[in-house]
>>> print(open('coords.txt').read())   # compact mmCIF, C-alpha atoms
# COMPACT_ATOMS: atom_id res chain seq x y z
CA ASN A 1 -7.73 17.92 4.61
CA ALA A 2 -9.34 20.79 2.77
CA ARG A 3 -12.13 20.08 0.34
CA THR A 4 -13.69 22.22 -2.39
CA ALA A 5 -17.47 22.18 -2.73
CA LEU A 6 -19.29 23.32 -5.84
CA ILE A 7 -22.92 24.35 -5.61
CA ALA A 8 -24.51 24.86 -9.03
CA CYS A 9 -27.98 25.81 -10.12
CA VAL A 10 -29.22 24.37 -13.37
CA SER A 11 -32.36 25.34 -15.21
CA PRO A 12 -34.53 23.12 -17.36
CA THR A 13 -35.81 26.03 -19.46
CA ALA A 14 -34.88 26.16 -23.13
CA ASP A 15 -33.33 29.62 -22.97
CA SER A 16 -30.86 28.45 -20.33
CA VAL A 17 -29.47 25.41 -22.19
CA GLU A 18 -26.05 26.92 -22.90
CA GLU A 19 -25.60 28.17 -19.35
CA THR A 20 -26.71 24.82 -17.95
CA ALA A 21 -24.33 22.89 -20.23
CA GLY A 22 -21.46 25.17 -19.26
CA THR A 23 -22.19 24.73 -15.57
CA LEU A 24 -22.30 20.93 -15.91
CA ARG A 25 -19.01 20.87 -17.86
CA PHE A 26 -17.37 22.95 -15.15
CA ALA A 27 -18.79 20.67 -12.46
CA ALA A 28 -17.41 17.60 -14.26
CA CYS A 29 -13.96 19.17 -14.40
CA ALA A 30 -14.16 20.27 -10.78
CA THR A 31 -14.65 16.70 -9.60
CA HIS A 32 -11.09 15.97 -10.71
CA ILE A 33 -9.54 18.97 -8.98
CA GLN A 34 -7.42 18.10 -5.97
CA ASN A 35 -6.67 20.79 -3.45
CA ARG A 36 -3.07 21.93 -3.99
CA SER A 37 -2.29 21.92 -0.29
CA THR A 38 -3.23 18.23 -0.13
CA LYS A 39 -0.74 17.42 -2.89
CA VAL A 40 1.98 19.42 -1.18
CA LYS A 41 1.35 17.65 2.11
CA GLN A 42 1.48 14.27 0.39
CA GLN A 43 4.78 15.16 -1.28
CA GLU A 44 6.21 16.34 2.03
CA LYS A 45 5.07 13.11 3.67
CA GLU A 46 6.84 11.04 1.00
CA VAL A 47 10.04 13.08 1.30
CA ASN A 48 10.02 12.68 5.09
CA ALA A 49 9.46 8.94 4.76
CA GLU A 50 12.46 8.70 2.40
CA GLN A 51 14.65 10.62 4.83
CA ASP A 52 13.55 8.51 7.79
CA LEU A 53 14.29 5.33 5.85
CA ASP A 54 17.73 6.55 4.82
CA GLU A 55 18.55 7.31 8.46
CA ALA A 56 17.24 3.93 9.65
CA LEU A 57 19.30 1.98 7.11
CA ALA A 58 22.51 4.02 7.42
CA GLY A 59 25.47 1.76 8.11
CA LYS A 60 23.48 -1.48 8.04
CA SER A 61 24.90 -4.48 6.18
CA VAL A 62 25.39 -8.23 6.41
CA ASP A 63 28.64 -10.06 5.68
CA PHE A 64 28.08 -12.89 3.23
CA VAL A 65 30.80 -15.55 3.35
CA ASN A 66 30.93 -17.76 0.27
CA ALA A 67 27.60 -16.19 -0.72
CA GLU A 68 25.89 -17.34 2.48
CA ALA A 69 24.75 -15.64 5.68
CA THR A 70 22.45 -16.26 8.62
CA ILE A 71 20.31 -13.28 9.63
CA GLN A 72 18.47 -13.01 12.92
CA THR A 73 14.77 -12.08 12.80
CA SER A 74 11.88 -12.05 15.24
CA VAL A 75 11.01 -15.64 14.26
CA GLY A 76 14.54 -17.02 14.44
CA SER A 77 17.61 -17.23 12.23
CA ILE A 78 17.06 -17.12 8.48
CA HIS A 79 19.58 -18.71 6.15
CA CYS A 80 20.20 -16.59 3.07
CA LEU A 81 22.15 -16.85 -0.14
CA GLY A 82 23.37 -13.53 -1.41
CA ASP A 83 26.10 -11.39 -2.86
CA PHE A 84 26.45 -7.68 -2.08
CA SER A 85 29.88 -7.20 -3.59
CA GLY A 86 28.55 -4.89 -6.31
CA PRO A 87 28.38 -1.09 -6.07
CA PRO A 88 26.09 0.23 -3.32
CA ASP A 89 23.81 1.86 -5.90
CA SER A 90 23.45 -1.28 -8.04
CA PRO A 91 20.04 -3.03 -8.17
CA VAL A 92 19.25 -5.69 -5.58
CA VAL A 93 17.16 -8.61 -6.81
CA VAL A 94 15.30 -10.34 -3.97
CA MET A 95 14.11 -13.85 -4.82
CA LEU A 96 11.37 -15.70 -2.94
CA HIS A 97 10.80 -19.43 -3.39
CA TYR A 98 7.56 -21.38 -3.33
CA TYR A 99 6.11 -23.15 -0.30
CA ASP A 100 7.42 -26.66 0.34
CA ARG A 101 9.05 -27.10 3.74
CA LYS A 102 10.48 -30.54 2.98
CA ASN A 103 12.03 -29.96 -0.42
CA ILE A 104 12.61 -26.31 -1.24
CA SER A 105 14.94 -23.53 -0.13
CA ALA A 106 16.74 -20.49 -1.51
CA SER A 107 18.85 -22.80 -3.67
CA MET A 108 15.99 -23.02 -6.19
CA TRP A 109 17.27 -19.65 -7.47
CA GLU A 110 20.80 -20.80 -8.27
CA PHE A 111 20.00 -20.51 -11.97
CA MET A 112 19.84 -16.73 -11.46
CA PHE A 113 22.95 -15.93 -9.45
CA GLU A 114 25.76 -15.94 -12.02
CA ALA A 115 23.74 -13.96 -14.56
CA LEU A 116 22.78 -11.33 -11.97
CA LEU A 117 26.38 -10.79 -10.93
CA ALA A 118 27.49 -10.58 -14.56
CA ALA A 119 24.85 -7.89 -15.11
CA GLY A 120 26.21 -5.85 -12.19
CA CYS A 121 23.40 -6.66 -9.77
CA ARG A 122 23.43 -7.67 -6.13
CA TYR A 123 21.07 -10.37 -4.92
CA LEU A 124 19.39 -11.83 -1.84
CA ALA A 125 17.63 -15.20 -1.73
CA PRO A 126 16.36 -16.24 1.71
CA SER A 127 15.14 -19.65 2.74
CA MET A 128 11.91 -18.49 4.34
CA PRO A 129 11.00 -19.69 7.87
CA GLY A 130 10.71 -23.46 8.11
CA HIS A 131 12.50 -24.01 4.79
CA GLY A 132 16.04 -25.19 4.21
CA LEU A 133 18.29 -24.24 7.13
CA SER A 134 16.00 -21.50 8.44
CA GLN A 135 14.26 -21.61 11.79
CA GLY A 136 10.60 -20.86 12.42
CA GLU A 137 7.46 -21.74 10.55
CA SER A 138 5.59 -20.27 7.59
CA SER A 139 1.90 -20.43 6.77
CA SER A 140 0.94 -21.36 3.23
CA LYS A 141 -2.27 -19.28 3.42
CA PRO A 142 -2.35 -15.98 1.50
CA GLU A 143 -4.37 -14.37 4.31
CA ASP A 144 -1.38 -14.91 6.61
CA TYR A 145 1.18 -13.15 4.37
CA THR A 146 0.98 -9.88 6.30
CA GLN A 147 0.48 -11.21 9.83
CA ASP A 148 2.98 -10.24 12.53
CA GLY A 149 5.92 -12.59 12.11
CA GLY A 150 4.58 -13.67 8.72
CA PRO A 151 6.62 -13.76 5.52
CA VAL A 152 6.11 -10.08 4.66
CA ASP A 153 7.30 -9.09 8.13
CA VAL A 154 10.31 -11.41 7.88
CA LEU A 155 11.24 -10.06 4.46
CA LEU A 156 11.13 -6.49 5.78
CA GLN A 157 13.49 -7.45 8.60
CA LEU A 158 15.89 -9.08 6.14
CA LEU A 159 16.00 -6.01 3.91
CA ASP A 160 16.55 -3.78 6.93
CA SER A 161 19.40 -5.94 8.18
CA CYS A 162 21.08 -5.89 4.76
CA GLY A 163 20.59 -2.14 4.41
CA VAL A 164 18.48 -2.57 1.27
CA LYS A 165 16.27 0.44 0.66
CA ARG A 166 14.48 -0.93 -2.38
CA GLY A 167 14.53 -4.31 -4.02
CA ILE A 168 13.49 -5.85 -7.30
CA LEU A 169 11.14 -8.50 -5.94
CA LEU A 170 10.97 -11.79 -7.82
CA GLY A 171 8.70 -14.48 -6.43
CA TYR A 172 7.36 -17.79 -7.66
CA ASP A 173 3.99 -19.26 -6.59
CA TRP A 174 3.79 -18.68 -2.79
CA GLY A 175 6.87 -16.50 -2.99
CA GLY A 176 5.20 -14.47 -5.73
CA GLY A 177 2.19 -13.91 -3.49
CA VAL A 178 4.47 -12.81 -0.66
CA ALA A 179 6.27 -10.43 -3.01
CA CYS A 180 2.95 -8.91 -4.12
CA ALA A 181 1.74 -8.53 -0.53
CA PHE A 182 5.05 -6.94 0.46
CA ALA A 183 4.87 -4.46 -2.42
CA ALA A 184 1.34 -3.47 -1.42
CA LYS A 185 2.17 -3.03 2.26
CA HIS A 186 5.60 -1.44 1.81
CA PRO A 187 5.53 0.32 -1.58
CA LEU A 188 8.53 2.48 -0.71
CA ARG A 189 10.67 -0.67 -0.46
CA MET A 190 9.68 -2.08 -3.85
CA HIS A 191 11.66 -0.98 -6.88
CA LYS A 192 10.21 -3.49 -9.32
CA LEU A 193 7.92 -6.48 -8.90
CA ILE A 194 8.04 -9.71 -10.91
CA ALA A 195 5.13 -12.02 -10.09
CA TRP A 196 5.82 -15.47 -11.53
CA CYS A 197 2.70 -17.66 -11.29
CA ALA A 198 1.98 -15.82 -8.05
CA SER A 199 -0.43 -17.16 -5.44
CA VAL A 200 -2.70 -14.17 -4.75
CA ARG A 201 -6.01 -14.47 -2.91
CA ASP A 202 -7.63 -11.20 -4.03
CA PRO A 203 -6.11 -9.84 -7.27
CA GLN A 204 -8.73 -7.10 -7.49
CA GLU A 205 -7.78 -5.64 -4.12
CA LEU A 206 -4.11 -5.96 -4.99
CA GLY A 207 -4.75 -4.10 -8.23
CA GLN A 208 -6.33 -1.23 -6.35
CA GLN A 209 -3.11 -0.89 -4.36
CA LEU A 210 -0.56 -1.44 -7.12
CA GLN A 211 -2.14 -0.59 -10.48
CA ARG A 212 -0.46 2.83 -10.59
CA ARG A 213 2.93 1.12 -10.32
CA GLY A 214 1.91 -1.38 -12.95
CA LYS A 215 1.03 1.34 -15.43
CA LYS A 216 4.42 2.96 -14.76
CA GLY A 217 6.13 -0.24 -15.92
CA ASP A 218 7.28 -1.31 -12.45
CA ILE A 219 5.47 -4.67 -12.48
CA ALA A 220 5.73 -7.78 -14.63
CA VAL A 221 3.42 -10.79 -14.46
CA LEU A 222 4.95 -14.00 -15.82
CA TRP A 223 2.79 -17.06 -16.38
CA ALA A 224 3.01 -20.44 -18.09
CA LYS A 225 0.24 -21.91 -20.19
CA ASN A 226 -0.81 -25.53 -19.71
CA ASP A 227 0.31 -25.44 -16.07
CA ASN A 228 -2.06 -27.58 -14.03
CA TRP A 229 -1.01 -25.92 -10.79
CA HIS A 230 -1.31 -22.36 -12.07
CA PRO A 231 -4.23 -21.84 -14.49
CA PHE A 232 -3.38 -19.23 -17.10
CA ARG A 233 -6.69 -17.45 -16.46
CA LYS A 234 -5.39 -16.49 -13.02
CA GLY A 235 -2.39 -14.87 -14.66
CA THR A 236 -4.49 -12.87 -17.09
CA ASP A 237 -6.82 -11.76 -14.29
CA LEU A 238 -3.92 -10.67 -12.09
CA SER A 239 -2.22 -8.78 -14.91
CA THR A 240 -5.47 -7.02 -15.82
CA TYR A 241 -6.01 -5.78 -12.27
CA LEU A 242 -2.38 -4.66 -12.07
CA GLY A 243 -2.65 -2.73 -15.33
CA VAL A 244 -0.05 -4.79 -17.22
CA LYS A 245 0.00 -7.40 -19.96
CA VAL A 246 0.78 -10.95 -18.89
CA THR A 247 4.08 -12.30 -20.25
CA GLU A 248 3.87 -15.94 -21.26
CA VAL A 249 6.78 -18.11 -20.18
CA ARG A 250 7.46 -21.80 -20.50
CA LEU A 251 6.83 -24.29 -17.70
CA ARG A 252 9.40 -24.01 -14.93
CA HIS A 253 11.10 -27.32 -15.70
CA LYS A 254 10.80 -26.89 -19.47
CA GLY A 255 12.70 -23.67 -20.11
CA GLY A 256 10.72 -21.40 -17.85
CA THR A 257 13.72 -20.57 -15.71
CA GLU A 258 15.53 -19.24 -18.78
CA ASP A 259 12.54 -17.07 -19.67
CA VAL A 260 12.31 -15.70 -16.14
CA ARG A 261 16.02 -15.00 -16.00
CA THR A 262 15.86 -13.07 -19.26
CA ARG A 263 12.89 -10.94 -18.17
CA THR A 264 14.39 -10.27 -14.75
CA LEU A 265 17.67 -9.11 -16.26
CA GLU A 266 15.77 -6.81 -18.62
CA LEU A 267 14.04 -5.10 -15.70
CA ALA A 268 17.12 -5.07 -13.50
CA THR A 269 19.45 -3.55 -16.09
CA ALA A 270 16.82 -0.98 -17.04
CA SER A 271 16.75 0.03 -13.36
CA SER A 272 20.50 0.46 -12.99
>>> encode(input="coords.txt", output="structure tokens")
Amino acid sequence: NARTALIACVSPTADSVEETAGTLRFAACATHIQNRSTKVKQQEKEVNAEQDLDEALAGKSVDFVNAEATIQTSVGSIHCLGDFSGPPDSPVVVMLHYYDRKNISASMWEFMFEALLAAGCRYLAPSMPGHGLSQGESSSKPEDYTQDGGPVDVLLQLLDSCGVKRGILLGYDWGGGVACAFAAKHPLRMHKLIAWCASVRDPQELGQQLQRRGKKGDIAVLWAKNDNWHPFRKGTDLSTYLGVKVTEVRLRHKGGTEDVRTRTLELATASS
């Protein structure tokens, strides 16, 4: 990449104050100048990536029977709930549950399905590896989110199989952390991100990767106060690093699902 270097001479003498000040102002401005060829190359790279993705996803789809399907991945078969009966250009909301191999699966999102379809959205809710009827195992550790065969990798395979170019990612707790990690690693595949009491190991690093999207209005952080499992301070810290304002919601079992559904529909319908 080309770089522009500025060599300036400044003088401490009184009769050169104006020239020195002018030189320093110009130098300050020059530090923000980006070589035009670099911008053009970056734009070309993004366009090429879009075209490659369109070609890779062309013709891909999964048949959901009674809103259920089993999708093969590198870690085994993944049981998914979903409905892709809407128009091919309608938003796809991808919902990721929390970590609890004995008691939780994609069915935790049933409170969302009818409202999403009524709003003209499509949806995908997988039971992640080791949960529900899905094969494989999942690690609960945030540092394992992006490992080969980890939840981010599995999610990418699911989206590819369904022919989903971009999704509105909605995740709770562990699923929220996975959604955040996916958005950071595969930004082209994230349309919007809704982090609901997300389990994130390093919010500062995540903010460095996603803050630009946050300031564009592509990210929402939802958090409940008085939640012993998810201290509200973590929500305010995460939202600060992402460049957004935390949205307070009720506890999950005390009206929180209604709050999350409302906010998700707002983002989804604004995207359509």
>>> residues_around(input="coords.txt", residues="region 95-98 of chain A", least_positions_apart="5", cutoff="10 Å", atoms="all atoms listed in the file", output="number ranges by chain")
A: 81-82, 104-109, 112, 123-128, 131, 140, 151, 155, 167-179, 194, 198-199
>>> write_last_selection(input="coords.txt", atoms="C-alpha atoms", output="PDB file, in the coordinates of the input")
ATOM      1  CA  LEU A  81      22.150 -16.850  -0.140  1.00  0.00           C
ATOM      2  CA  GLY A  82      23.370 -13.530  -1.410  1.00  0.00           C
ATOM      3  CA  ILE A 104      12.610 -26.310  -1.240  1.00  0.00           C
ATOM      4  CA  SER A 105      14.940 -23.530  -0.130  1.00  0.00           C
ATOM      5  CA  ALA A 106      16.740 -20.490  -1.510  1.00  0.00           C
ATOM      6  CA  SER A 107      18.850 -22.800  -3.670  1.00  0.00           C
ATOM      7  CA  MET A 108      15.990 -23.020  -6.190  1.00  0.00           C
ATOM      8  CA  TRP A 109      17.270 -19.650  -7.470  1.00  0.00           C
ATOM      9  CA  MET A 112      19.840 -16.730 -11.460  1.00  0.00           C
ATOM     10  CA  TYR A 123      21.070 -10.370  -4.920  1.00  0.00           C
ATOM     11  CA  LEU A 124      19.390 -11.830  -1.840  1.00  0.00           C
ATOM     12  CA  ALA A 125      17.630 -15.200  -1.730  1.00  0.00           C
ATOM     13  CA  PRO A 126      16.360 -16.240   1.710  1.00  0.00           C
ATOM     14  CA  SER A 127      15.140 -19.650   2.740  1.00  0.00           C
ATOM     15  CA  MET A 128      11.910 -18.490   4.340  1.00  0.00           C
ATOM     16  CA  HIS A 131      12.500 -24.010   4.790  1.00  0.00           C
ATOM     17  CA  SER A 140       0.940 -21.360   3.230  1.00  0.00           C
ATOM     18  CA  PRO A 151       6.620 -13.760   5.520  1.00  0.00           C
ATOM     19  CA  LEU A 155      11.240 -10.060   4.460  1.00  0.00           C
ATOM     20  CA  GLY A 167      14.530  -4.310  -4.020  1.00  0.00           C
ATOM     21  CA  ILE A 168      13.490  -5.850  -7.300  1.00  0.00           C
ATOM     22  CA  LEU A 169      11.140  -8.500  -5.940  1.00  0.00           C
ATOM     23  CA  LEU A 170      10.970 -11.790  -7.820  1.00  0.00           C
ATOM     24  CA  GLY A 171       8.700 -14.480  -6.430  1.00  0.00           C
ATOM     25  CA  TYR A 172       7.360 -17.790  -7.660  1.00  0.00           C
ATOM     26  CA  ASP A 173       3.990 -19.260  -6.590  1.00  0.00           C
ATOM     27  CA  TRP A 174       3.790 -18.680  -2.790  1.00  0.00           C
ATOM     28  CA  GLY A 175       6.870 -16.500  -2.990  1.00  0.00           C
ATOM     29  CA  GLY A 176       5.200 -14.470  -5.730  1.00  0.00           C
ATOM     30  CA  GLY A 177       2.190 -13.910  -3.490  1.00  0.00           C
ATOM     31  CA  VAL A 178       4.470 -12.810  -0.660  1.00  0.00           C
ATOM     32  CA  ALA A 179       6.270 -10.430  -3.010  1.00  0.00           C
ATOM     33  CA  ILE A 194       8.040  -9.710 -10.910  1.00  0.00           C
ATOM     34  CA  ALA A 198       1.980 -15.820  -8.050  1.00  0.00           C
ATOM     35  CA  SER A 199      -0.430 -17.160  -5.440  1.00  0.00           C
TER      36      SER A 199
END
>>> closest_residue(input="coords.txt", among="A:Ala67, A:Ala115, A:Ala184, A:Cys197", to="Cys80 (chain A)", atoms="all atoms listed in the file")
A:Ala67
>>> residues_around(input="coords.txt", residues="His191 (chain A)", least_positions_apart="2", cutoff="9 Å", atoms="all atoms listed in the file", output="ChimeraX atom specification")
/A:91,165-169,183,187-189,193,218,271
>>> closest_residue(input="coords.txt", among="A:Asn66, A:Gln204, A:Ser74, A:Ser85", to="Asp237 (chain A)", atoms="only C-alpha atoms")
A:Gln204
>>> closest_residue(input="coords.txt", among="A:Asp54, A:Lys185, A:Pro231, A:Tyr241", to="Glu205 (chain A)", atoms="only C-alpha atoms")
A:Tyr241
>>> axis_aligned_box(input="coords.txt", around="region 204-220 of chain A", padding_each_side="5 Å", output="lines of an AutoDock Vina configuration file")
center_x = -0.7
center_y = -2.4
center_z = -10.0
size_x = 26.0
size_y = 20.7
size_z = 21.8
>>> closest_residue(input="coords.txt", among="A:Lys234, A:Ala119, A:Ser61, A:Val75", to="Thr262 (chain A)", atoms="all atoms listed in the file")
A:Ala119
>>> closest_residue(input="coords.txt", among="A:Gln211, A:Leu267, A:Phe182, A:Gln157", to="Pro142 (chain A)", atoms="only C-alpha atoms")
A:Phe182
>>> closest_residue(input="coords.txt", among="A:Arg252, A:His186, A:Arg122, A:Asp83", to="Thr146 (chain A)", atoms="all atoms listed in the file")
A:His186
>>> residues_around(input="coords.txt", residues="Gln135 (chain A)", least_positions_apart="2", cutoff="8 Å", atoms="all atoms listed in the file", output="mmCIF file with C-alpha atoms, in the frame of the given file")
data_model
loop_
_atom_site.group_PDB
_atom_site.id
_atom_site.type_symbol
_atom_site.label_atom_id
_atom_site.label_comp_id
_atom_site.auth_asym_id
_atom_site.auth_seq_id
_atom_site.Cartn_x
_atom_site.Cartn_y
_atom_site.Cartn_z
ATOM 1 C CA VAL A 75 11.010 -15.640 14.260
ATOM 2 C CA GLY A 76 14.540 -17.020 14.440
ATOM 3 C CA SER A 77 17.610 -17.230 12.230
ATOM 4 C CA ILE A 78 17.060 -17.120 8.480
ATOM 5 C CA PRO A 129 11.000 -19.690 7.870
ATOM 6 C CA GLY A 130 10.710 -23.460 8.110
ATOM 7 C CA HIS A 131 12.500 -24.010 4.790
ATOM 8 C CA LEU A 133 18.290 -24.240 7.130
ATOM 9 C CA GLU A 137 7.460 -21.740 10.550
#
>>> atom_distance(input="coords.txt", atom1="CA of Asn103 (chain A)", atom2="CA of Gly136 (chain A)")
15.8 Å
>>> atom_distance(input="coords.txt", atom1="CA of Arg101 (chain A)", atom2="CA of Lys141 (chain A)")
13.8 Å
>>> atom_distance(input="coords.txt", atom1="CA of Arg233 (chain A)", atom2="CA of Thr257 (chain A)")
20.7 Å
>>> decode(input="coords.txt", residues="region 155-177 of chain A", atoms="N, CA, C and O atoms", output="PDB file, in the first residue's frame")
ATOM      1  N   LEU A 155     -22.460 -22.041  12.646  1.00  0.00           N
ATOM      2  CA  LEU A 155     -23.451 -21.069  12.188  1.00  0.00           C
ATOM      3  C   LEU A 155     -23.194 -20.667  10.736  1.00  0.00           C
ATOM      4  O   LEU A 155     -24.132 -20.538   9.943  1.00  0.00           O
ATOM      5  N   LEU A 156     -21.933 -20.475  10.385  1.00  0.00           N
ATOM      6  CA  LEU A 156     -21.604 -20.134   9.004  1.00  0.00           C
ATOM      7  C   LEU A 156     -22.048 -21.239   8.051  1.00  0.00           C
ATOM      8  O   LEU A 156     -22.619 -20.961   6.983  1.00  0.00           O
ATOM      9  N   GLN A 157     -21.827 -22.482   8.430  1.00  0.00           N
ATOM     10  CA  GLN A 157     -22.246 -23.604   7.594  1.00  0.00           C
ATOM     11  C   GLN A 157     -23.770 -23.652   7.445  1.00  0.00           C
ATOM     12  O   GLN A 157     -24.289 -23.966   6.364  1.00  0.00           O
ATOM     13  N   LEU A 158     -24.486 -23.336   8.508  1.00  0.00           N
ATOM     14  CA  LEU A 158     -25.950 -23.338   8.443  1.00  0.00           C
ATOM     15  C   LEU A 158     -26.459 -22.254   7.494  1.00  0.00           C
ATOM     16  O   LEU A 158     -27.358 -22.492   6.678  1.00  0.00           O
ATOM     17  N   LEU A 159     -25.885 -21.063   7.597  1.00  0.00           N
ATOM     18  CA  LEU A 159     -26.306 -19.973   6.714  1.00  0.00           C
ATOM     19  C   LEU A 159     -25.990 -20.311   5.260  1.00  0.00           C
ATOM     20  O   LEU A 159     -26.808 -20.047   4.358  1.00  0.00           O
ATOM     21  N   ASP A 160     -24.819 -20.901   5.030  1.00  0.00           N
ATOM     22  CA  ASP A 160     -24.466 -21.295   3.671  1.00  0.00           C
ATOM     23  C   ASP A 160     -25.457 -22.312   3.120  1.00  0.00           C
ATOM     24  O   ASP A 160     -25.909 -22.202   1.976  1.00  0.00           O
ATOM     25  N   SER A 161     -25.780 -23.305   3.917  1.00  0.00           N
ATOM     26  CA  SER A 161     -26.703 -24.347   3.468  1.00  0.00           C
ATOM     27  C   SER A 161     -28.074 -23.780   3.129  1.00  0.00           C
ATOM     28  O   SER A 161     -28.722 -24.219   2.171  1.00  0.00           O
ATOM     29  N   CYS A 162     -28.521 -22.799   3.911  1.00  0.00           N
ATOM     30  CA  CYS A 162     -29.841 -22.194   3.690  1.00  0.00           C
ATOM     31  C   CYS A 162     -29.805 -21.102   2.628  1.00  0.00           C
ATOM     32  O   CYS A 162     -30.856 -20.540   2.286  1.00  0.00           O
ATOM     33  N   GLY A 163     -28.623 -20.790   2.116  1.00  0.00           N
ATOM     34  CA  GLY A 163     -28.516 -19.741   1.111  1.00  0.00           C
ATOM     35  C   GLY A 163     -28.735 -18.346   1.660  1.00  0.00           C
ATOM     36  O   GLY A 163     -29.149 -17.443   0.933  1.00  0.00           O
ATOM     37  N   VAL A 164     -28.441 -18.158   2.937  1.00  0.00           N
ATOM     38  CA  VAL A 164     -28.650 -16.863   3.590  1.00  0.00           C
ATOM     39  C   VAL A 164     -27.382 -16.029   3.454  1.00  0.00           C
ATOM     40  O   VAL A 164     -26.335 -16.389   3.999  1.00  0.00           O
ATOM     41  N   LYS A 165     -27.488 -14.917   2.757  1.00  0.00           N
ATOM     42  CA  LYS A 165     -26.329 -14.046   2.572  1.00  0.00           C
ATOM     43  C   LYS A 165     -26.044 -13.244   3.828  1.00  0.00           C
ATOM     44  O   LYS A 165     -24.898 -13.160   4.286  1.00  0.00           O
ATOM     45  N   ARG A 166     -27.080 -12.634   4.373  1.00  0.00           N
ATOM     46  CA  ARG A 166     -26.939 -11.849   5.599  1.00  0.00           C
ATOM     47  C   ARG A 166     -28.106 -12.144   6.531  1.00  0.00           C
ATOM     48  O   ARG A 166     -29.241 -12.290   6.084  1.00  0.00           O
ATOM     49  N   GLY A 167     -27.809 -12.170   7.811  1.00  0.00           N
ATOM     50  CA  GLY A 167     -28.860 -12.416   8.777  1.00  0.00           C
ATOM     51  C   GLY A 167     -28.919 -11.341   9.842  1.00  0.00           C
ATOM     52  O   GLY A 167     -27.921 -10.667  10.121  1.00  0.00           O
ATOM     53  N   ILE A 168     -30.095 -11.180  10.416  1.00  0.00           N
ATOM     54  CA  ILE A 168     -30.247 -10.365  11.616  1.00  0.00           C
ATOM     55  C   ILE A 168     -30.000 -11.308  12.788  1.00  0.00           C
ATOM     56  O   ILE A 168     -30.804 -12.196  13.061  1.00  0.00           O
ATOM     57  N   LEU A 169     -28.878 -11.163  13.445  1.00  0.00           N
ATOM     58  CA  LEU A 169     -28.450 -12.100  14.473  1.00  0.00           C
ATOM     59  C   LEU A 169     -28.996 -11.686  15.830  1.00  0.00           C
ATOM     60  O   LEU A 169     -28.722 -10.587  16.311  1.00  0.00           O
ATOM     61  N   LEU A 170     -29.744 -12.587  16.444  1.00  0.00           N
ATOM     62  CA  LEU A 170     -30.306 -12.364  17.772  1.00  0.00           C
ATOM     63  C   LEU A 170     -29.837 -13.485  18.677  1.00  0.00           C
ATOM     64  O   LEU A 170     -30.125 -14.657  18.424  1.00  0.00           O
ATOM     65  N   GLY A 171     -29.073 -13.141  19.709  1.00  0.00           N
ATOM     66  CA  GLY A 171     -28.568 -14.174  20.603  1.00  0.00           C
ATOM     67  C   GLY A 171     -28.728 -13.787  22.056  1.00  0.00           C
ATOM     68  O   GLY A 171     -28.592 -12.614  22.424  1.00  0.00           O
ATOM     69  N   TYR A 172     -28.986 -14.796  22.876  1.00  0.00           N
ATOM     70  CA  TYR A 172     -29.148 -14.576  24.319  1.00  0.00           C
ATOM     71  C   TYR A 172     -28.027 -15.287  25.071  1.00  0.00           C
ATOM     72  O   TYR A 172     -27.724 -16.458  24.813  1.00  0.00           O
ATOM     73  N   ASP A 173     -27.388 -14.568  26.005  1.00  0.00           N
ATOM     74  CA  ASP A 173     -26.351 -15.128  26.867  1.00  0.00           C
ATOM     75  C   ASP A 173     -25.238 -15.727  26.003  1.00  0.00           C
ATOM     76  O   ASP A 173     -24.595 -15.017  25.235  1.00  0.00           O
ATOM     77  N   TRP A 174     -25.015 -17.039  26.095  1.00  0.00           N
ATOM     78  CA  TRP A 174     -23.994 -17.701  25.265  1.00  0.00           C
ATOM     79  C   TRP A 174     -24.268 -17.472  23.786  1.00  0.00           C
ATOM     80  O   TRP A 174     -23.359 -17.158  23.015  1.00  0.00           O
ATOM     81  N   GLY A 175     -25.528 -17.588  23.402  1.00  0.00           N
ATOM     82  CA  GLY A 175     -25.885 -17.354  22.007  1.00  0.00           C
ATOM     83  C   GLY A 175     -25.615 -15.924  21.574  1.00  0.00           C
ATOM     84  O   GLY A 175     -25.271 -15.660  20.410  1.00  0.00           O
ATOM     85  N   GLY A 176     -25.743 -14.978  22.504  1.00  0.00           N
ATOM     86  CA  GLY A 176     -25.417 -13.594  22.191  1.00  0.00           C
ATOM     87  C   GLY A 176     -23.935 -13.406  21.967  1.00  0.00           C
ATOM     88  O   GLY A 176     -23.502 -12.656  21.082  1.00  0.00           O
ATOM     89  N   GLY A 177     -23.120 -14.117  22.768  1.00  0.00           N
ATOM     90  CA  GLY A 177     -21.675 -14.064  22.571  1.00  0.00           C
ATOM     91  C   GLY A 177     -21.271 -14.668  21.239  1.00  0.00           C
ATOM     92  O   GLY A 177     -20.392 -14.147  20.544  1.00  0.00           O
TER      93      GLY A 177
END
